[in-house]
file work-v6.pdb (PDB, C-alpha atoms and all ligand atoms)
MODEL        1
ATOM      1  CA  MET A   1     -50.533  -8.287 -52.220
ATOM      2  CA  GLN A   2     -51.674  -4.824 -51.330
ATOM      3  CA  HIS A   3     -51.919  -5.921 -47.735
ATOM      4  CA  ASN A   4     -48.278  -7.115 -47.781
ATOM      5  CA  THR A   5     -46.964  -3.848 -49.184
ATOM      6  CA  HIS A   6     -48.730  -1.962 -46.468
ATOM      7  CA  LYS A   7     -47.270  -4.238 -43.801
ATOM      8  CA  SER A   8     -43.682  -3.901 -45.005
ATOM      9  CA  ALA A   9     -43.987  -0.103 -45.148
ATOM     10  CA  GLY A  10     -45.024  -0.270 -41.516
ATOM     11  CA  TRP A  11     -41.990  -2.360 -40.608
ATOM     12  CA  THR A  12     -39.688   0.015 -42.459
ATOM     13  CA  LEU A  13     -41.068   2.859 -40.382
ATOM     14  CA  ILE A  14     -40.624   0.928 -37.146
ATOM     15  CA  SER A  15     -37.057  -0.029 -37.922
ATOM     16  CA  THR A  16     -36.238   3.525 -39.003
ATOM     17  CA  VAL A  17     -37.626   4.835 -35.741
ATOM     18  CA  SER A  18     -35.771   2.279 -33.637
ATOM     19  CA  LEU A  19     -32.546   2.971 -35.536
ATOM     20  CA  PHE A  20     -33.032   6.614 -34.711
ATOM     21  CA  PHE A  21     -33.413   5.887 -31.014
ATOM     22  CA  ALA A  22     -30.473   3.513 -31.055
ATOM     23  CA  ALA A  23     -28.332   6.212 -32.650
ATOM     24  CA  ALA A  24     -29.622   8.834 -30.220
ATOM     25  CA  SER A  25     -28.892   6.755 -27.136
ATOM     26  CA  PHE A  26     -25.486   5.841 -28.509
ATOM     27  CA  GLY A  27     -24.748   9.555 -28.779
ATOM     28  CA  VAL A  28     -25.903  10.140 -25.216
ATOM     29  CA  SER A  29     -23.786   7.288 -23.878
ATOM     30  CA  LEU A  30     -20.763   8.646 -25.721
ATOM     31  CA  LEU A  31     -21.292  12.006 -24.053
ATOM     32  CA  SER A  32     -21.719  10.589 -20.570
ATOM     33  CA  ALA A  33     -18.779   8.228 -21.006
ATOM     34  CA  ALA A  34     -16.484  11.247 -21.067
ATOM     35  CA  PRO A  35     -17.270  13.281 -17.941
ATOM     36  CA  ALA A  36     -16.158  16.884 -17.902
ATOM     37  CA  SER A  37     -12.848  17.432 -16.145
ATOM     38  CA  GLY A  38     -12.681  19.349 -12.881
ATOM     39  CA  ALA A  39     -11.140  22.258 -14.759
ATOM     40  CA  ASP A  40     -14.013  22.341 -17.261
ATOM     41  CA  THR A  41     -16.657  22.163 -14.545
ATOM     42  CA  PHE A  42     -14.890  24.867 -12.574
ATOM     43  CA  LYS A  43     -14.786  27.170 -15.591
ATOM     44  CA  ALA A  44     -18.450  26.491 -16.356
ATOM     45  CA  LYS A  45     -19.907  26.767 -12.841
ATOM     46  CA  CYS A  46     -17.482  28.617 -10.619
ATOM     47  CA  ALA A  47     -15.404  30.999 -12.714
ATOM     48  CA  ALA A  48     -18.060  33.739 -12.770
ATOM     49  CA  CYS A  49     -17.269  34.423  -9.114
ATOM     50  CA  HIS A  50     -13.914  32.778  -8.510
ATOM     51  CA  GLY A  51     -12.297  33.615 -11.843
ATOM     52  CA  PRO A  52     -11.045  31.012 -14.336
ATOM     53  CA  ASP A  53      -7.811  30.743 -12.331
ATOM     54  CA  GLY A  54      -9.491  30.656  -8.893
ATOM     55  CA  SER A  55      -7.992  34.009  -7.907
ATOM     56  CA  GLY A  56     -11.403  35.649  -7.453
ATOM     57  CA  SER A  57     -10.289  38.672  -9.437
ATOM     58  CA  THR A  58     -13.579  38.986 -11.325
ATOM     59  CA  ALA A  59     -16.019  41.871 -10.877
ATOM     60  CA  MET A  60     -18.428  39.546  -9.065
ATOM     61  CA  GLY A  61     -15.628  37.984  -7.014
ATOM     62  CA  GLN A  62     -14.370  41.346  -5.809
ATOM     63  CA  LYS A  63     -17.856  42.482  -4.948
ATOM     64  CA  MET A  64     -18.434  39.329  -2.908
ATOM     65  CA  LYS A  65     -14.910  39.401  -1.453
ATOM     66  CA  VAL A  66     -14.155  35.785  -2.347
ATOM     67  CA  HIS A  67     -10.863  34.427  -1.116
ATOM     68  CA  ASP A  68      -8.152  33.455  -3.574
ATOM     69  CA  LEU A  69      -8.775  29.719  -3.867
ATOM     70  CA  ARG A  70      -5.043  29.203  -4.486
ATOM     71  CA  SER A  71      -4.107  30.831  -1.174
ATOM     72  CA  PRO A  72      -2.858  28.862   1.853
ATOM     73  CA  ASP A  73      -5.928  29.935   3.864
ATOM     74  CA  VAL A  74      -8.153  28.054   1.457
ATOM     75  CA  GLN A  75      -5.721  25.255   0.642
ATOM     76  CA  LYS A  76      -5.124  24.396   4.314
ATOM     77  CA  GLN A  77      -8.683  23.047   4.487
ATOM     78  CA  THR A  78      -9.076  19.306   4.034
ATOM     79  CA  ASP A  79     -10.631  17.727   0.945
ATOM     80  CA  ASP A  80     -13.666  16.936   3.093
ATOM     81  CA  GLU A  81     -14.036  20.557   4.142
ATOM     82  CA  LEU A  82     -13.749  21.857   0.576
ATOM     83  CA  THR A  83     -16.178  19.179  -0.620
ATOM     84  CA  ALA A  84     -18.659  20.211   2.084
ATOM     85  CA  ILE A  85     -18.411  23.906   1.103
ATOM     86  CA  ILE A  86     -19.044  23.111  -2.560
ATOM     87  CA  THR A  87     -21.830  20.633  -1.767
ATOM     88  CA  ASN A  88     -23.653  22.725   0.836
ATOM     89  CA  GLY A  89     -22.631  26.223  -0.248
ATOM     90  CA  LYS A  90     -21.416  29.011   2.012
ATOM     91  CA  PRO A  91     -23.674  32.034   1.651
ATOM     92  CA  PRO A  92     -23.606  33.962  -0.617
ATOM     93  CA  MET A  93     -22.078  31.054  -2.509
ATOM     94  CA  PRO A  94     -24.771  28.681  -3.795
ATOM     95  CA  ALA A  95     -24.795  24.965  -2.935
ATOM     96  CA  TYR A  96     -23.868  22.557  -5.723
ATOM     97  CA  GLY A  97     -24.978  19.293  -4.105
ATOM     98  CA  LYS A  98     -28.044  19.173  -6.337
ATOM     99  CA  THR A  99     -26.521  20.273  -9.638
ATOM    100  CA  LEU A 100     -23.194  18.426  -9.536
ATOM    101  CA  THR A 101     -22.566  14.759  -8.780
ATOM    102  CA  PRO A 102     -20.197  13.770  -5.936
ATOM    103  CA  ALA A 103     -17.757  12.640  -8.631
ATOM    104  CA  GLU A 104     -17.838  16.043 -10.328
ATOM    105  CA  ILE A 105     -17.317  17.811  -6.998
ATOM    106  CA  HIS A 106     -14.391  15.495  -6.275
ATOM    107  CA  GLN A 107     -12.882  16.393  -9.666
ATOM    108  CA  ILE A 108     -13.184  20.079  -8.781
ATOM    109  CA  VAL A 109     -11.395  19.541  -5.452
ATOM    110  CA  VAL A 110      -8.594  17.773  -7.340
ATOM    111  CA  TYR A 111      -8.487  20.753  -9.712
ATOM    112  CA  LEU A 112      -8.348  23.215  -6.800
ATOM    113  CA  ARG A 113      -5.319  21.342  -5.434
ATOM    114  CA  SER A 114      -3.661  21.607  -8.838
ATOM    115  CA  ILE A 115      -3.921  25.413  -8.895
ATOM    116  CA  ALA A 116      -2.619  25.888  -5.323
ATOM    117  CA  ALA A 117      -0.014  28.649  -5.036
ATOM    118  CA  LYS A 118       3.443  27.091  -5.063
ATOM    119  CA  SER A 119       5.453  28.508  -2.199
TER     120      SER A 119
HETATM  121  C1  LIG B 201     -22.257  33.415  -6.986
HETATM  122  C2  LIG B 201     -20.809  33.428  -6.806
HETATM  123  C3  LIG B 201     -20.119  32.100  -6.539
HETATM  124  C4  LIG B 201     -20.116  30.983  -7.318
HETATM  125  C5  LIG B 201     -20.840  30.759  -8.639
HETATM  126  C6  LIG B 201     -19.269  30.022  -6.644
HETATM  127  N1  LIG B 201     -18.775  30.557  -5.491
HETATM  128 FE1  LIG B 201     -17.473  29.655  -4.218
HETATM  129  N2  LIG B 201     -17.627  31.219  -2.956
HETATM  130  C7  LIG B 201     -18.326  32.385  -3.208
HETATM  131  C8  LIG B 201     -18.192  33.267  -2.055
HETATM  132  C9  LIG B 201     -18.807  34.654  -1.935
HETATM  133  C10 LIG B 201     -17.403  32.575  -1.106
HETATM  134  C11 LIG B 201     -16.975  33.058   0.267
HETATM  135  C12 LIG B 201     -18.013  32.666   1.302
HETATM  136  C13 LIG B 201     -17.544  33.031   2.686
HETATM  137  O1  LIG B 201     -16.344  33.062   2.917
HETATM  138  O2  LIG B 201     -18.406  33.266   3.526
HETATM  139  C14 LIG B 201     -17.067  31.291  -1.705
HETATM  140  C15 LIG B 201     -16.286  30.340  -1.091
HETATM  141  C16 LIG B 201     -15.813  29.197  -1.714
HETATM  142  C17 LIG B 201     -14.897  28.270  -1.122
HETATM  143  C18 LIG B 201     -14.297  28.385   0.272
HETATM  144  C19 LIG B 201     -13.115  29.303   0.209
HETATM  145  C20 LIG B 201     -12.772  29.796   1.557
HETATM  146  O3  LIG B 201     -12.792  31.022   1.728
HETATM  147  O4  LIG B 201     -12.495  28.990   2.448
HETATM  148  C21 LIG B 201     -14.655  27.300  -2.030
HETATM  149  C22 LIG B 201     -13.742  26.098  -1.892
HETATM  150  C23 LIG B 201     -15.458  27.615  -3.184
HETATM  151  N3  LIG B 201     -16.158  28.781  -2.961
HETATM  152  C24 LIG B 201     -15.521  26.854  -4.316
HETATM  153  C25 LIG B 201     -16.443  27.065  -5.349
HETATM  154  C26 LIG B 201     -16.652  26.146  -6.418
HETATM  155  C27 LIG B 201     -15.861  24.860  -6.625
HETATM  156  C28 LIG B 201     -17.648  26.647  -7.188
HETATM  157  C29 LIG B 201     -18.290  26.031  -8.421
HETATM  158  C30 LIG B 201     -18.845  24.693  -8.274
HETATM  159  C31 LIG B 201     -18.046  27.921  -6.596
HETATM  160  N4  LIG B 201     -17.291  28.119  -5.479
HETATM  161  C32 LIG B 201     -19.005  28.752  -7.125
HETATM  162  C33 LIG B 201     -19.023  32.703  -4.353
HETATM  163  C34 LIG B 201     -19.272  31.822  -5.383
ENDMDL
END

call {"tool": "encode", "arguments": {"input": "work-v6.pdb", "output": "C-alpha cells", "more": "lines below"}}
Ligand code: HEC
result
Amino acid sequence: MQHNTHKSAGWTLISTVSLFFAAASFGVSLLSAAPASGADTFKAKCAACHGPDGSGSTAMGQKMKVHDLRSPDVQKQTDDELTAIITNGKPPMPAYGKTLTPAEIHQIVVYLRSIAAKS
C-alpha cells in the first residue's frame, strides 16, 4: 500500500511536468505562428538609424548620413538589391542575414515599398 502511494505521487509529478512542457511549447508555437510584420521588425531593428518612418531624421541617421528610404534614389533599386543590402549590410550599416530570416527581410522590403514617397 505504501509502495502504491509512492508510485502514484511519482506519476502525478511526471504528468504535472509534462503538462508544463506541453503548455510551454504551445505558448511558443502560438508566438511563432504570428510572425512580426515588416513594419514591426523595421521599428525594432532599423528605426534607430533610419527613423520609424524611414526618413533617416534621427540623431544617428543624420550622423551617418543615411538616405531617406522613401526617396526615389532608394526606391528605384530592385527588391533583390534592397534584400541584398539588408542581408549583407552596407558599412556602416550592419548585416542582418544572421539575425533576420529571409522571410522577415522580405516583409521589410514590402514595408519599404509601402512607405515610398508618392509623387
Ligand atoms: C547602425 C545604423 C543602421 C541600422 C540599425 C540600419 N541601417 Fe540601413 N543604412 C545605414 C547606413 C549608414 C546606410 C547608408 C550606407 C551607404 O550608403 O553607404 C544604410 C543603408 C540602407 C539601405 C540602402 C539605402 C540606399 O542608400 O540605397 C537600406 C535599404 C537600408 N539601409 C535598410 C535597413 C533596414 C531594413 C534595416 C533594419 C533591418 C537597417 N537598414 C538598419 C545605417 C543603418

call {"tool": "residues_near_point", "arguments": {"input": "work-v6.pdb", "point": "(-11.9, 32.5, -11.5)", "cutoff": "12 Å", "atoms": "only C-alpha atoms", "output": "ChimeraX atom specification"}}
result
/A:39-62,66-70,112,115

call {"tool": "axis_aligned_box", "arguments": {"input": "work-v6.pdb", "around": "ligand LIG 201 (chain B)", "padding_each_side": "3 Å", "output": "AutoDock Vina command-line options"}}
result
--center_x -17.4 --center_y 29.7 --center_z -2.6 --size_x 15.8 --size_y 16.0 --size_z 18.2

call {"tool": "closest_residue", "arguments": {"input": "work-v6.pdb", "among": "A:Lys90, A:Lys98, A:Lys118, A:Arg113", "to": "ligand LIG 201 (chain B)", "atoms": "all atoms listed in the file"}}
result
A:Lys90

call {"tool": "closest_residue", "arguments": {"input": "work-v6.pdb", "among": "A:Thr78, A:Thr12, A:Met93, A:Ala103", "to": "ligand LIG 201 (chain B)", "atoms": "only C-alpha atoms and all ligand atoms"}}
result
A:Met93

call {"tool": "atom_distance", "arguments": {"input": "work-v6.pdb", "atom1": "CA of Val109 in chain A", "atom2": "atom C10 of ligand LIG 201 (chain B)"}}
result
15.0 Å

call {"tool": "closest_residue", "arguments": {"input": "work-v6.pdb", "among": "A:Pro91, A:Asp80, A:Val110, A:Pro72", "to": "ligand LIG 201 (chain B)", "atoms": "all atoms listed in the file"}}
result
A:Pro91

call {"tool": "atom_distance", "arguments": {"input": "work-v6.pdb", "atom1": "CA of Asp79 in chain A", "atom2": "CA of Gln107 in chain A"}}
result
10.9 Å

call {"tool": "resolve_selection", "arguments": {"input": "work-v6.pdb", "expression": "the PyMOL selection byres (((chain A and resi 97) around 12) and not hetatm)", "output": "JSON, numbers by chain"}}
result
{"A": [83, 84, 85, 86, 87, 88, 89, 94, 95, 96, 98, 99, 100, 101, 102, 103, 104, 105, 106]}

call {"tool": "atom_distance", "arguments": {"input": "work-v6.pdb", "atom1": "atom O3 of ligand LIG 201 (chain B)", "atom2": "CA of Gln75 in chain A"}}
result
9.2 Å

call {"tool": "closest_residue", "arguments": {"input": "work-v6.pdb", "among": "A:Lys63, A:Glu81, A:Lys76, A:Pro92", "to": "ligand LIG 201 (chain B)", "atoms": "only C-alpha atoms and all ligand atoms"}}
result
A:Pro92

call {"tool": "closest_residue", "arguments": {"input": "work-v6.pdb", "among": "A:Ala36, A:Leu82, A:Ser71, A:Ala116", "to": "ligand LIG 201 (chain B)", "atoms": "only C-alpha atoms and all ligand atoms"}}
result
A:Leu82
